[in-house]
Amino acid sequence: MEAGKRDPRKTAGEILAQWAEKGGKIDEIRDSHLGTMEGWDERDRALVTEIVYGVVRNVQTLDAELEELVTTGIARMQHRLLAILRVGLYQVRFLDRIPAHAAVSQAVDHAREAFDSRTAGLVNAVLRRAATQDGRRPVDAFFVDNSPLGLWRRKWVEQWGEEKTNELIRHFETIPRVGLRRNLLRSETEDAWLARLRGEGVEAKPVDGCPGYAYASGVKPATLPSFQEGVTTVQDPAAGLAVRLLDPQPSETILDLCGAPGGKAALIFEKMGGDGKLVTADKNMKRSKLTREGLARLGHGGVEVVTEDVLHCQGGPYDRVLIDVPCSGTGVAHRRADLLLNHHPLQVEKLARMQRMLLAHAATLVKQGGVLVYSTCSLEPEENENQARTFDRKFGKEFVRDDLPSDLPQGWIRETGVAGTWPPRDKVDGAFAVRWRRVG
């Protein structure tokens, strides 16, 4: 079948079958499939994402119902067949705009094509039975007690309350847009960059309060000439928050810790005007390779990429040090539907202990009068505000909270030296950053 005529539901099933069989990050598997969809309508791409992310988030709920509907159970079912049933049942239960009979019919066709008429009959019987159970209402996985997502919701309700938590959950269930950023060293003006994107068929919308950034939907960045030439790169505006607090200047020596895959290092180098010394370090060799490749595409050959455990990094002292620590990633959970499924809320405190160690070591590398910035893509207080207060208590004689840049969006400013985004309100990813200046 021609790529342009492929069925989004079938593609969603293929993605989910691969995820179930081989594991891996669902967003990366989805992207690899979307990359083959030349000429696809944006609505079809969006439907693929909606079904894939919806199935992943609600997989426990869907599988519990399938266990009731399939006489022999689903434990030993082939991954491809289970994916077809999950896609069909998800549409029946959660997508009101798709008629149940259409969802069932297409699932049956997919089963017949992938297997045989007997298997198609099984799919037909299971999904038709589900479709006739009108009294059974879908239960969002966030509201299932003791499920992975239910545990996260319980944590959030305790720290923020019901209203704010439900607001966040609604945000997580939206289809993420692609954040694009212009290379400051390869594009003269914002208007010229946006005009080039439009010329490449991209409907890019500038982001208020975040110059150099735009959002787009249904775009494959790697196929854009401006991306291939290093004029455009992929980065959410919230990811630039830490660099805005770092405020890099030309001729300085700067250290970027836990820097892979290099998005922040690239922006730092551009803010420096390509003038000065920038070292970016990460202990993961594979991710460091991605950093080198990404910087090379952007033309940032002057950045020194080091593969080394942050706790072993020495040298300096540096004018500015950024440490973007490994974290729970709850601020970007809408981009990775399986992220919260694979992490338990109790892991946050374990991460927080590691983050304290990393931050304490980073502090030793800052010169007197220099700047230290700590950042995460987490929304959790244990990884954010609590870390800042703990650092203040321990290092308050050496470091003081420093003033924030005057051009930050007002809603992002939380207190002296501290900034963070709230995705449902700010319409960007979740990010947190705090800025100190070394005085002793």
# chains A, B, ... in the order shown; residues from 1 in each chain; ligands from 1

$ residues_around --residues "Glu50 in chain A" --least-positions-apart "6" --cutoff "10 Å" --atoms "only C-alpha atoms" --output "ChimeraX atom specification"
/A:12,44,95,173-176

$ select_by_dssp --residues "range 125-285 of chain A" --states "strand (DSSP E or B)" --output "VMD selection string"
chain A and resid 178 to 182 205 to 206 213 to 216 232 to 234 252 to 257 276 to 282

$ write_last_selection --atoms "N, CA, C and O atoms" --output "compact mmCIF listing (two decimals), in the first residue's frame"
# COMPACT_ATOMS: atom_id res chain seq x y z
N VAL A 178 5.85 20.86 18.42
CA VAL A 178 7.29 20.82 18.26
C VAL A 178 7.86 22.22 18.49
O VAL A 178 7.44 23.18 17.85
N GLY A 179 8.81 22.32 19.40
CA GLY A 179 9.48 23.59 19.65
C GLY A 179 10.68 23.74 18.73
O GLY A 179 11.54 22.86 18.68
N LEU A 180 10.73 24.83 18.00
CA LEU A 180 11.85 25.12 17.10
C LEU A 180 12.60 26.36 17.62
O LEU A 180 11.99 27.28 18.16
N ARG A 181 13.92 26.36 17.43
CA ARG A 181 14.74 27.50 17.85
C ARG A 181 15.68 27.88 16.72
O ARG A 181 16.21 27.01 16.03
N ARG A 182 15.91 29.15 16.57
CA ARG A 182 16.83 29.59 15.54
C ARG A 182 18.26 29.65 16.08
O ARG A 182 18.49 29.99 17.24
N LYS A 205 4.65 29.41 14.82
CA LYS A 205 4.07 30.50 15.58
C LYS A 205 5.05 30.94 16.67
O LYS A 205 5.42 30.14 17.53
N PRO A 206 5.49 32.20 16.64
CA PRO A 206 6.41 32.70 17.67
C PRO A 206 5.83 32.52 19.06
O PRO A 206 4.60 32.52 19.25
N TYR A 213 12.25 31.49 19.41
CA TYR A 213 11.52 30.22 19.48
C TYR A 213 10.20 30.31 18.71
O TYR A 213 9.61 31.38 18.60
N ALA A 214 9.77 29.16 18.23
CA ALA A 214 8.46 29.05 17.59
C ALA A 214 7.92 27.65 17.82
O ALA A 214 8.69 26.70 18.02
N TYR A 215 6.61 27.52 17.78
CA TYR A 215 5.96 26.21 17.88
C TYR A 215 5.38 25.84 16.51
O TYR A 215 4.90 26.71 15.76
N ALA A 216 5.41 24.55 16.21
CA ALA A 216 4.81 24.06 14.97
C ALA A 216 4.20 22.69 15.24
O ALA A 216 4.60 21.99 16.17
N THR A 232 18.13 25.99 11.96
CA THR A 232 17.03 25.65 12.86
C THR A 232 17.40 24.44 13.68
O THR A 232 18.04 23.51 13.19
N THR A 233 16.99 24.44 14.95
CA THR A 233 17.17 23.26 15.78
C THR A 233 15.89 23.03 16.57
O THR A 233 14.97 23.85 16.54
N VAL A 234 15.82 21.91 17.27
CA VAL A 234 14.63 21.57 18.05
C VAL A 234 14.90 21.84 19.52
O VAL A 234 15.86 21.31 20.10
N GLU A 252 34.00 34.55 28.18
CA GLU A 252 33.99 33.89 29.48
C GLU A 252 34.38 32.42 29.36
O GLU A 252 34.41 31.84 28.27
N THR A 253 34.67 31.81 30.52
CA THR A 253 34.85 30.36 30.61
C THR A 253 33.61 29.79 31.29
O THR A 253 33.26 30.20 32.40
N ILE A 254 32.96 28.85 30.63
CA ILE A 254 31.66 28.36 31.11
C ILE A 254 31.67 26.84 31.08
O ILE A 254 32.20 26.21 30.16
N LEU A 255 31.04 26.24 32.09
CA LEU A 255 30.93 24.79 32.21
C LEU A 255 29.46 24.39 32.22
O LEU A 255 28.68 24.92 33.01
N ASP A 256 29.11 23.45 31.36
CA ASP A 256 27.75 22.92 31.25
C ASP A 256 27.79 21.46 31.69
O ASP A 256 28.33 20.61 30.98
N LEU A 257 27.23 21.16 32.86
CA LEU A 257 27.29 19.82 33.43
C LEU A 257 26.01 19.05 33.16
O LEU A 257 24.92 19.62 33.15
N GLY A 276 34.92 32.58 23.52
CA GLY A 276 35.18 32.16 24.90
C GLY A 276 35.40 30.67 24.96
O GLY A 276 35.53 29.99 23.93
N LYS A 277 35.42 30.13 26.17
CA LYS A 277 35.62 28.69 26.35
C LYS A 277 34.37 28.08 26.97
O LYS A 277 33.94 28.47 28.06
N LEU A 278 33.80 27.11 26.28
CA LEU A 278 32.64 26.38 26.79
C LEU A 278 32.96 24.89 26.80
O LEU A 278 33.34 24.32 25.78
N VAL A 279 32.81 24.29 27.99
CA VAL A 279 32.99 22.85 28.16
C VAL A 279 31.65 22.26 28.54
O VAL A 279 30.98 22.75 29.46
N THR A 280 31.22 21.22 27.83
CA THR A 280 29.99 20.52 28.19
C THR A 280 30.33 19.08 28.52
O THR A 280 31.02 18.40 27.75
N ALA A 281 29.89 18.60 29.68
CA ALA A 281 30.28 17.29 30.18
C ALA A 281 29.07 16.43 30.49
O ALA A 281 28.06 16.90 31.00
N ASP A 282 29.20 15.14 30.17
CA ASP A 282 28.17 14.16 30.49
C ASP A 282 28.85 12.79 30.56
O ASP A 282 29.77 12.52 29.79

$ atom_distance --atom1 "CA of Asp31 in chain A" --atom2 "CA of Leu82 in chain A"
21.3 Å

$ atom_distance --atom1 "CA of Gly161 in chain A" --atom2 "CA of Leu339 in chain A"
22.2 Å

$ residues_around --residues "range 187-192 of chain A" --least-positions-apart "4" --cutoff "7 Å" --atoms "only C-alpha atoms" --output "list in words"
Arg182, Asn183, Arg196, Gly212 and Val231 of chain A

$ closest_residue --among "A:Glu42, A:Asp96, A:Glu270, A:Glu349" --to "Glu203 in chain A" --atoms "only C-alpha atoms"
A:Glu42

$ residues_around --residues "Asp109 in chain A" --least-positions-apart "4" --cutoff "12 Å" --atoms "only C-alpha atoms" --output "list in words"
Asp7, Arg9, Lys10, Leu81, Ile84, Leu85, Gly88, Ala102, Ala103, Val104, Ser105, Glu113, Ala114, Phe115, Asp116, Ser117, Arg118, Thr119, Ala120, Gly121, Leu122, Val123 and Asn124 of chain A

$ residues_around --residues "Asp403 in chain A" --least-positions-apart "4" --cutoff "8 Å" --atoms "only C-alpha atoms" --output "PyMOL selection string"
chain A and resi 416-417+435

$ residues_around --residues "Arg45 in chain A" --least-positions-apart "4" --cutoff "10 Å" --atoms "only C-alpha atoms" --output "PyMOL selection string"
chain A and resi 8+11-12+34+37+40-41+49-50+217-219

$ closest_residue --among "A:Glu67, A:Asp145, A:Asp309, A:Glu28" --to "Ala362 in chain A" --atoms "only C-alpha atoms"
A:Asp309

$ residues_around --residues "Ala266 in chain A" --least-positions-apart "2" --cutoff "12 Å" --atoms "only C-alpha atoms" --output "VMD selection string"
chain A and resid 181 to 185 230 to 235 239 to 240 243 248 256 259 to 264 268 to 274 278 to 280 291 to 305

$ closest_residue --among "A:Ser226, A:Gln18, A:Gly440, A:Asp338" --to "Gly201 in chain A" --atoms "only C-alpha atoms"
A:Ser226

$ closest_residue --among "A:Tyr374, A:Asp275, A:Asn58, A:Ala83" --to "Leu149 in chain A" --atoms "only C-alpha atoms"
A:Asn58

$ atom_distance --atom1 "CA of Glu382 in chain A" --atom2 "CA of Glu167 in chain A"
20.5 Å

$ decode --residues "range 46-61 of chain A" --atoms "all heavy atoms" --output "PDB file, in the first residue's frame"
ATOM      1  N   ALA A  46      -1.656  13.519  13.694  1.00  0.00           N
ATOM      2  CA  ALA A  46      -2.154  13.811  15.033  1.00  0.00           C
ATOM      3  C   ALA A  46      -2.949  12.628  15.593  1.00  0.00           C
ATOM      4  O   ALA A  46      -2.860  12.319  16.782  1.00  0.00           O
ATOM      5  CB  ALA A  46      -3.029  15.064  15.012  1.00  0.00           C
ATOM      6  N   LEU A  47      -3.711  11.960  14.724  1.00  0.00           N
ATOM      7  CA  LEU A  47      -4.494  10.811  15.176  1.00  0.00           C
ATOM      8  C   LEU A  47      -3.577   9.671  15.605  1.00  0.00           C
ATOM      9  O   LEU A  47      -3.833   8.993  16.611  1.00  0.00           O
ATOM     10  CB  LEU A  47      -5.443  10.347  14.076  1.00  0.00           C
ATOM     11  CG  LEU A  47      -6.347   9.160  14.423  1.00  0.00           C
ATOM     12  CD1 LEU A  47      -7.203   9.471  15.648  1.00  0.00           C
ATOM     13  CD2 LEU A  47      -7.224   8.790  13.228  1.00  0.00           C
ATOM     14  N   VAL A  48      -2.500   9.443  14.866  1.00  0.00           N
ATOM     15  CA  VAL A  48      -1.524   8.424  15.269  1.00  0.00           C
ATOM     16  C   VAL A  48      -1.020   8.714  16.675  1.00  0.00           C
ATOM     17  O   VAL A  48      -1.006   7.840  17.551  1.00  0.00           O
ATOM     18  CB  VAL A  48      -0.340   8.365  14.271  1.00  0.00           C
ATOM     19  CG1 VAL A  48       0.769   7.473  14.833  1.00  0.00           C
ATOM     20  CG2 VAL A  48      -0.801   7.844  12.923  1.00  0.00           C
ATOM     21  N   THR A  49      -0.597   9.950  16.899  1.00  0.00           N
ATOM     22  CA  THR A  49      -0.064  10.326  18.214  1.00  0.00           C
ATOM     23  C   THR A  49      -1.122  10.195  19.295  1.00  0.00           C
ATOM     24  O   THR A  49      -0.852   9.686  20.392  1.00  0.00           O
ATOM     25  CB  THR A  49       0.472  11.766  18.174  1.00  0.00           C
ATOM     26  OG1 THR A  49       1.560  11.835  17.243  1.00  0.00           O
ATOM     27  CG2 THR A  49       0.967  12.209  19.542  1.00  0.00           C
ATOM     28  N   GLU A  50      -2.330  10.653  19.014  1.00  0.00           N
ATOM     29  CA  GLU A  50      -3.393  10.599  20.006  1.00  0.00           C
ATOM     30  C   GLU A  50      -3.693   9.163  20.420  1.00  0.00           C
ATOM     31  O   GLU A  50      -3.839   8.863  21.611  1.00  0.00           O
ATOM     32  CB  GLU A  50      -4.661  11.263  19.454  1.00  0.00           C
ATOM     33  CG  GLU A  50      -5.802  11.319  20.459  1.00  0.00           C
ATOM     34  CD  GLU A  50      -6.991  12.101  19.944  1.00  0.00           C
ATOM     35  OE1 GLU A  50      -7.020  12.414  18.724  1.00  0.00           O
ATOM     36  OE2 GLU A  50      -7.886  12.395  20.746  1.00  0.00           O
ATOM     37  N   ILE A  51      -3.782   8.267  19.450  1.00  0.00           N
ATOM     38  CA  ILE A  51      -4.081   6.873  19.767  1.00  0.00           C
ATOM     39  C   ILE A  51      -2.911   6.223  20.498  1.00  0.00           C
ATOM     40  O   ILE A  51      -3.098   5.561  21.532  1.00  0.00           O
ATOM     41  CB  ILE A  51      -4.420   6.080  18.492  1.00  0.00           C
ATOM     42  CG1 ILE A  51      -5.758   6.569  17.912  1.00  0.00           C
ATOM     43  CG2 ILE A  51      -4.492   4.586  18.778  1.00  0.00           C
ATOM     44  CD1 ILE A  51      -6.106   5.946  16.575  1.00  0.00           C
ATOM     45  N   VAL A  52      -1.701   6.411  19.999  1.00  0.00           N
ATOM     46  CA  VAL A  52      -0.529   5.782  20.620  1.00  0.00           C
ATOM     47  C   VAL A  52      -0.366   6.254  22.058  1.00  0.00           C
ATOM     48  O   VAL A  52      -0.232   5.437  22.989  1.00  0.00           O
ATOM     49  CB  VAL A  52       0.747   6.092  19.806  1.00  0.00           C
ATOM     50  CG1 VAL A  52       1.991   5.727  20.595  1.00  0.00           C
ATOM     51  CG2 VAL A  52       0.721   5.334  18.488  1.00  0.00           C
ATOM     52  N   TYR A  53      -0.380   7.562  22.271  1.00  0.00           N
ATOM     53  CA  TYR A  53      -0.185   8.082  23.628  1.00  0.00           C
ATOM     54  C   TYR A  53      -1.353   7.706  24.537  1.00  0.00           C
ATOM     55  O   TYR A  53      -1.168   7.403  25.713  1.00  0.00           O
ATOM     56  CB  TYR A  53      -0.002   9.600  23.587  1.00  0.00           C
ATOM     57  CG  TYR A  53       1.397  10.038  23.196  1.00  0.00           C
ATOM     58  CD1 TYR A  53       2.257   9.192  22.506  1.00  0.00           C
ATOM     59  CD2 TYR A  53       1.864  11.307  23.500  1.00  0.00           C
ATOM     60  CE1 TYR A  53       3.527   9.587  22.140  1.00  0.00           C
ATOM     61  CE2 TYR A  53       3.146  11.714  23.153  1.00  0.00           C
ATOM     62  CZ  TYR A  53       3.971  10.847  22.466  1.00  0.00           C
ATOM     63  OH  TYR A  53       5.236  11.248  22.118  1.00  0.00           O
ATOM     64  N   GLY A  54      -2.566   7.711  23.970  1.00  0.00           N
ATOM     65  CA  GLY A  54      -3.731   7.348  24.778  1.00  0.00           C
ATOM     66  C   GLY A  54      -3.698   5.897  25.217  1.00  0.00           C
ATOM     67  O   GLY A  54      -4.011   5.581  26.366  1.00  0.00           O
ATOM     68  N   VAL A  55      -3.310   5.007  24.306  1.00  0.00           N
ATOM     69  CA  VAL A  55      -3.209   3.591  24.664  1.00  0.00           C
ATOM     70  C   VAL A  55      -2.135   3.388  25.730  1.00  0.00           C
ATOM     71  O   VAL A  55      -2.349   2.675  26.712  1.00  0.00           O
ATOM     72  CB  VAL A  55      -2.909   2.733  23.418  1.00  0.00           C
ATOM     73  CG1 VAL A  55      -2.522   1.312  23.839  1.00  0.00           C
ATOM     74  CG2 VAL A  55      -4.125   2.689  22.500  1.00  0.00           C
ATOM     75  N   VAL A  56      -0.983   4.012  25.553  1.00  0.00           N
ATOM     76  CA  VAL A  56       0.109   3.825  26.517  1.00  0.00           C
ATOM     77  C   VAL A  56      -0.301   4.303  27.899  1.00  0.00           C
ATOM     78  O   VAL A  56      -0.077   3.614  28.905  1.00  0.00           O
ATOM     79  CB  VAL A  56       1.375   4.560  26.035  1.00  0.00           C
ATOM     80  CG1 VAL A  56       2.439   4.588  27.126  1.00  0.00           C
ATOM     81  CG2 VAL A  56       1.940   3.877  24.792  1.00  0.00           C
ATOM     82  N   ARG A  57      -0.913   5.473  27.975  1.00  0.00           N
ATOM     83  CA  ARG A  57      -1.300   6.008  29.283  1.00  0.00           C
ATOM     84  C   ARG A  57      -2.383   5.154  29.947  1.00  0.00           C
ATOM     85  O   ARG A  57      -2.442   5.062  31.176  1.00  0.00           O
ATOM     86  CB  ARG A  57      -1.797   7.446  29.133  1.00  0.00           C
ATOM     87  CG  ARG A  57      -0.695   8.445  28.805  1.00  0.00           C
ATOM     88  CD  ARG A  57      -1.162   9.870  29.045  1.00  0.00           C
ATOM     89  NE  ARG A  57      -0.093  10.804  28.757  1.00  0.00           N
ATOM     90  CZ  ARG A  57       0.022  11.510  27.630  1.00  0.00           C
ATOM     91  NH1 ARG A  57      -0.889  11.377  26.694  1.00  0.00           N
ATOM     92  NH2 ARG A  57       1.027  12.342  27.441  1.00  0.00           N
ATOM     93  N   ASN A  58      -3.247   4.562  29.142  1.00  0.00           N
ATOM     94  CA  ASN A  58      -4.380   3.818  29.695  1.00  0.00           C
ATOM     95  C   ASN A  58      -4.244   2.315  29.497  1.00  0.00           C
ATOM     96  O   ASN A  58      -5.234   1.589  29.551  1.00  0.00           O
ATOM     97  CB  ASN A  58      -5.686   4.315  29.040  1.00  0.00           C
ATOM     98  CG  ASN A  58      -5.998   5.744  29.389  1.00  0.00           C
ATOM     99  OD1 ASN A  58      -6.512   6.031  30.468  1.00  0.00           O
ATOM    100  ND2 ASN A  58      -5.685   6.661  28.485  1.00  0.00           N
ATOM    101  N   VAL A  59      -3.015   1.837  29.303  1.00  0.00           N
ATOM    102  CA  VAL A  59      -2.816   0.434  28.944  1.00  0.00           C
ATOM    103  C   VAL A  59      -3.323  -0.504  30.031  1.00  0.00           C
ATOM    104  O   VAL A  59      -3.876  -1.575  29.730  1.00  0.00           O
ATOM    105  CB  VAL A  59      -1.333   0.172  28.605  1.00  0.00           C
ATOM    106  CG1 VAL A  59      -0.443   0.283  29.841  1.00  0.00           C
ATOM    107  CG2 VAL A  59      -1.164  -1.174  27.917  1.00  0.00           C
ATOM    108  N   GLN A  60      -3.164  -0.152  31.290  1.00  0.00           N
ATOM    109  CA  GLN A  60      -3.640  -1.039  32.348  1.00  0.00           C
ATOM    110  C   GLN A  60      -5.160  -1.144  32.345  1.00  0.00           C
ATOM    111  O   GLN A  60      -5.720  -2.232  32.505  1.00  0.00           O
ATOM    112  CB  GLN A  60      -3.147  -0.550  33.709  1.00  0.00           C
ATOM    113  CG  GLN A  60      -1.654  -0.779  33.927  1.00  0.00           C
ATOM    114  CD  GLN A  60      -1.241  -0.536  35.359  1.00  0.00           C
ATOM    115  OE1 GLN A  60      -1.670   0.434  35.986  1.00  0.00           O
ATOM    116  NE2 GLN A  60      -0.426  -1.420  35.900  1.00  0.00           N
ATOM    117  N   THR A  61      -5.830  -0.005  32.159  1.00  0.00           N
ATOM    118  CA  THR A  61      -7.290  -0.010  32.104  1.00  0.00           C
ATOM    119  C   THR A  61      -7.783  -0.822  30.914  1.00  0.00           C
ATOM    120  O   THR A  61      -8.725  -1.628  31.036  1.00  0.00           O
ATOM    121  CB  THR A  61      -7.811   1.435  32.000  1.00  0.00           C
ATOM    122  OG1 THR A  61      -7.348   2.184  33.123  1.00  0.00           O
ATOM    123  CG2 THR A  61      -9.339   1.456  31.974  1.00  0.00           C
TER     124      THR A  61
END
